[in-house]
file final_16.csv (CSV, C-alpha atoms)
chain,number,residue,atom,x,y,z
A,158,ALA,CA,8.5,-24.1,11.4
A,159,THR,CA,9.2,-20.5,10.4
A,160,ASP,CA,9.3,-19.7,6.7
A,161,PRO,CA,12.5,-18.2,5.4
A,162,LEU,CA,12.6,-14.5,4.6
A,163,ILE,CA,12.7,-14.4,0.8
A,164,VAL,CA,12.7,-10.6,0.3
A,165,LYS,CA,13.4,-7.7,2.7
A,166,LEU,CA,11.6,-4.5,1.8
A,167,ASN,CA,12.7,-1.0,2.7
A,168,VAL,CA,10.0,1.6,2.0
A,169,LYS,CA,10.5,5.3,2.1
A,170,THR,CA,7.9,8.0,1.5
A,171,ASN,CA,8.1,11.7,0.8
A,172,TYR,CA,4.9,13.6,0.9
A,173,ASP,CA,4.5,17.2,-0.3
A,174,THR,CA,1.6,18.6,1.8
A,175,THR,CA,1.2,21.7,-0.4
A,176,VAL,CA,0.4,19.9,-3.6
A,177,LYS,CA,-0.6,16.6,-2.0
A,178,ALA,CA,1.9,14.6,-4.0
A,179,LEU,CA,3.3,11.4,-2.7
A,180,ASN,CA,6.6,9.8,-3.7
A,181,THR,CA,7.2,6.2,-2.6
A,182,GLU,CA,10.6,4.4,-3.0
A,183,ILE,CA,10.8,0.6,-2.5
A,184,LYS,CA,14.2,-1.1,-2.2
A,185,ALA,CA,14.2,-4.9,-2.0
A,186,THR,CA,17.0,-7.2,-1.0
A,187,PHE,CA,16.6,-10.9,-1.7
A,188,ASN,CA,17.9,-13.4,0.8
A,189,THR,CA,17.4,-16.7,-1.1
A,190,THR,CA,17.2,-18.1,-4.6
A,191,TYR,CA,13.7,-17.6,-6.1
A,192,THR,CA,12.5,-19.1,-9.3
A,193,ASN,CA,9.4,-16.9,-10.1
A,194,THR,CA,9.2,-13.2,-10.8
A,195,ILE,CA,8.2,-11.0,-7.8
A,196,LYS,CA,5.6,-8.3,-8.0
A,197,VAL,CA,5.1,-5.3,-5.8
A,198,THR,CA,1.8,-3.5,-5.1
A,199,ALA,CA,1.5,-0.3,-3.1
A,200,PHE,CA,-1.8,0.5,-1.4
A,201,LEU,CA,-3.0,3.5,0.6
A,202,ILE,CA,-4.9,2.9,3.8
A,203,GLU,CA,-6.3,5.4,6.3
A,204,ASP,CA,-6.8,5.1,10.1
A,205,GLY,CA,-9.0,7.1,12.5
A,206,ILE,CA,-12.1,7.5,10.3
A,207,ILE,CA,-15.1,8.3,12.6
A,208,GLY,CA,-18.5,7.2,11.4
A,209,LYS,CA,-21.6,5.1,12.2
A,210,GLN,CA,-21.3,1.4,12.6
A,211,LEU,CA,-24.0,-1.2,13.1
A,212,ASN,CA,-22.8,-3.8,15.7
A,213,ASN,CA,-25.2,-6.6,16.5
A,214,GLY,CA,-28.3,-4.4,15.9
A,215,VAL,CA,-26.9,-1.5,17.8
A,216,VAL,CA,-25.8,1.7,16.0
A,217,ILE,CA,-22.5,3.1,17.3
A,218,GLU,CA,-22.5,6.8,16.3
A,219,ASP,CA,-18.8,7.5,16.7
A,220,TYR,CA,-17.1,4.2,15.7
A,221,GLU,CA,-13.4,4.6,14.7
A,222,PHE,CA,-12.5,2.7,11.6
A,223,GLU,CA,-8.9,1.6,11.1
A,224,HIS,CA,-7.0,0.2,8.0
A,225,VAL,CA,-9.6,1.5,5.4
A,226,LEU,CA,-8.4,0.9,1.9
A,227,ARG,CA,-8.3,4.2,0.0
A,228,GLY,CA,-6.6,3.1,-3.3
A,229,SER,CA,-3.6,1.7,-5.0
A,230,ILE,CA,-0.6,3.7,-6.1
A,231,ASN,CA,0.4,1.3,-8.9
A,232,GLY,CA,-2.8,-0.6,-9.9
A,233,ASP,CA,-4.7,-3.5,-8.5
A,234,PHE,CA,-2.2,-6.1,-9.6
A,235,GLY,CA,1.1,-4.2,-9.0
A,236,THR,CA,4.2,-4.1,-11.1
A,237,ASP,CA,7.2,-6.4,-11.5
A,238,LEU,CA,9.8,-5.8,-8.8
A,239,LYS,CA,12.4,-8.4,-10.0
A,240,THR,CA,12.1,-10.8,-12.8
A,241,ALA,CA,13.2,-14.5,-12.3
A,242,PRO,CA,15.5,-16.1,-11.7
A,243,ILE,CA,16.5,-14.3,-8.5
A,244,ALA,CA,19.7,-15.1,-6.6
A,245,PRO,CA,20.7,-14.4,-3.0
A,246,ASN,CA,21.9,-10.8,-2.5
A,247,ASP,CA,20.1,-9.6,-5.6
A,248,SER,CA,18.4,-6.2,-5.2
A,249,ALA,CA,15.9,-4.1,-6.9
A,250,LYS,CA,14.4,-0.6,-6.6
A,251,VAL,CA,11.2,0.9,-7.8
A,252,SER,CA,9.8,4.3,-7.3
A,253,PHE,CA,6.3,5.8,-7.7
A,254,ASN,CA,6.4,9.5,-8.0
A,255,ASN,CA,3.9,12.4,-7.8
A,256,PHE,CA,0.9,10.3,-6.8
A,257,ALA,CA,-1.9,12.8,-6.5
A,258,LEU,CA,-3.4,12.1,-3.1
A,259,GLY,CA,-5.8,15.0,-3.4
A,260,GLN,CA,-7.3,13.8,-6.7
A,261,MET,CA,-8.4,10.3,-5.8
A,262,LYS,CA,-11.9,9.3,-6.8
A,263,PHE,CA,-14.1,6.2,-6.5
A,264,ASN,CA,-16.9,5.0,-8.8
A,265,VAL,CA,-20.4,5.5,-7.3
A,266,ALA,CA,-22.2,4.3,-10.4
A,267,ALA,CA,-21.6,4.0,-14.2
A,268,GLY,CA,-20.0,7.3,-15.1
A,269,VAL,CA,-20.4,8.8,-11.7
A,270,THR,CA,-17.4,9.4,-9.4
A,271,LYS,CA,-17.0,10.9,-5.9
A,272,ASP,CA,-13.8,12.5,-4.5
A,273,ILE,CA,-12.0,10.5,-1.8
A,274,ILE,CA,-11.1,13.0,1.0
A,275,VAL,CA,-8.4,11.7,3.3
A,276,ASN,CA,-6.7,13.0,6.4
A,277,ASP,CA,-3.1,12.7,5.2
A,278,LYS,CA,-1.9,12.6,8.8
A,279,ASN,CA,-3.6,9.2,9.1
A,280,VAL,CA,-2.5,7.7,5.8
A,281,SER,CA,0.0,4.9,5.3
A,282,VAL,CA,1.4,3.1,2.3
A,283,VAL,CA,1.2,-0.7,2.5
A,284,VAL,CA,3.6,-2.5,0.2
A,285,ILE,CA,3.1,-6.1,-0.7
A,286,ALA,CA,5.7,-8.2,-2.4
A,287,SER,CA,4.1,-11.3,-4.0
A,288,ASP,CA,4.9,-14.2,-6.3
A,289,ALA,CA,3.8,-13.2,-9.8
A,290,ILE,CA,2.7,-16.8,-10.6
A,291,SER,CA,1.1,-18.2,-7.4
A,292,ASN,CA,0.2,-14.7,-5.9
A,293,GLU,CA,1.6,-15.9,-2.6
A,294,ILE,CA,2.4,-12.9,-0.4
A,295,LEU,CA,6.1,-13.0,0.5
A,296,GLN,CA,6.5,-9.8,2.6
A,297,VAL,CA,4.5,-6.7,3.6
A,298,GLU,CA,5.6,-3.4,5.0
A,299,LYS,CA,3.5,-0.4,6.3
A,300,VAL,CA,4.9,3.1,6.4
A,301,LYS,CA,3.0,6.4,7.4
A,302,ILE,CA,3.3,9.1,4.7
A,303,ARG,CA,3.9,11.8,7.3

call {"tool": "encode", "arguments": {"input": "final_16.csv", "output": "structure tokens"}}
result
Amino acid sequence: ATDPLIVKLNVKTNYDTTVKALNTEIKATFNTTYTNTIKVTAFLIEDGIIGKQLNNGVVIEDYEFEHVLRGSINGDFGTDLKTAPIAPNDSAKVSFNNFALGQMKFNVAAGVTKDIIVNDKNVSVVVIASDAISNEILQVEKVKIR
């Protein structure tokens, strides 16, 4: 049996290549009644990263990595998209503006960070709508930023 579509997501991005600032707008339309709050989390992934890969004891020098998680726009656990109760045809919109793609860092060790350098032509936003109580994923959309 096919699960019913609970929420439809429409994701739009606007990326300023000069200052490397990303704006993301998420519009949601709800198709059914839903009794729990729905959260939304927006992650950044990058495709086409070339590097070494060990495959069954053999080193591949120019392996192409896809779907590499680069970070989150709105935190690891997201933000509320729509609080319960939710009725059919309800809608919600959330925007995340001026995310600094050129200033992302990751922790190497305690107090030590390293810049995350991305090829913005290969970056996508992955938006996940999930049940705030059960964490069940209800819908996912992927959109390239440029």

call {"tool": "closest_residue", "arguments": {"input": "final_16.csv", "among": "A:Val297, A:Ile302, A:Leu258, A:Ile195", "to": "Lys177 in chain A", "atoms": "all atoms listed in the file"}}
result
A:Leu258

call {"tool": "closest_residue", "arguments": {"input": "final_16.csv", "among": "A:Asn212, A:Asn276, A:Thr194, A:Ser287", "to": "Gly259 in chain A", "atoms": "only C-alpha atoms"}}
result
A:Asn276

call {"tool": "residues_around", "arguments": {"input": "final_16.csv", "residues": "Ala244 in chain A", "least_positions_apart": "4", "cutoff": "12 Å", "atoms": "only C-alpha atoms", "output": "MDAnalysis selection string"}}
result
chainID A and resid 163:164 186:194 239:240 248:249

call {"tool": "residues_around", "arguments": {"input": "final_16.csv", "residues": "Ile294 in chain A", "least_positions_apart": "3", "cutoff": "10 Å", "atoms": "only C-alpha atoms", "output": "VMD selection string"}}
result
chain A and resid 195 to 197 285 to 289 291 297

call {"tool": "atom_distance", "arguments": {"input": "final_16.csv", "atom1": "CA of Tyr172 in chain A", "atom2": "CA of Leu238 in chain A"}}
result
22.2 Å

call {"tool": "residues_around", "arguments": {"input": "final_16.csv", "residues": "Arg303 in chain A", "least_positions_apart": "2", "cutoff": "12 Å", "atoms": "all atoms listed in the file", "output": "list of chain:residue names"}}
result
A:Lys169, A:Thr170, A:Asn171, A:Tyr172, A:Asp173, A:Thr174, A:Lys177, A:Ala178, A:Leu179, A:Asn180, A:Thr181, A:Asn276, A:Asp277, A:Lys278, A:Asn279, A:Val280, A:Ser281, A:Val282, A:Val300, A:Lys301

call {"tool": "atom_distance", "arguments": {"input": "final_16.csv", "atom1": "CA of Ile206 in chain A", "atom2": "CA of Val284 in chain A"}}
result
21.2 Å

call {"tool": "atom_distance", "arguments": {"input": "final_16.csv", "atom1": "CA of Thr175 in chain A", "atom2": "CA of Asn254 in chain A"}}
result
15.3 Å

call {"tool": "closest_residue", "arguments": {"input": "final_16.csv", "among": "A:Val168, A:Ala199, A:Val269, A:Ile183", "to": "Asp233 in chain A", "atoms": "all atoms listed in the file"}}
result
A:Ala199

call {"tool": "closest_residue", "arguments": {"input": "final_16.csv", "among": "A:Asn246, A:Ser229, A:Gln296, A:Thr236", "to": "Leu166 in chain A", "atoms": "all atoms listed in the file"}}
result
A:Gln296
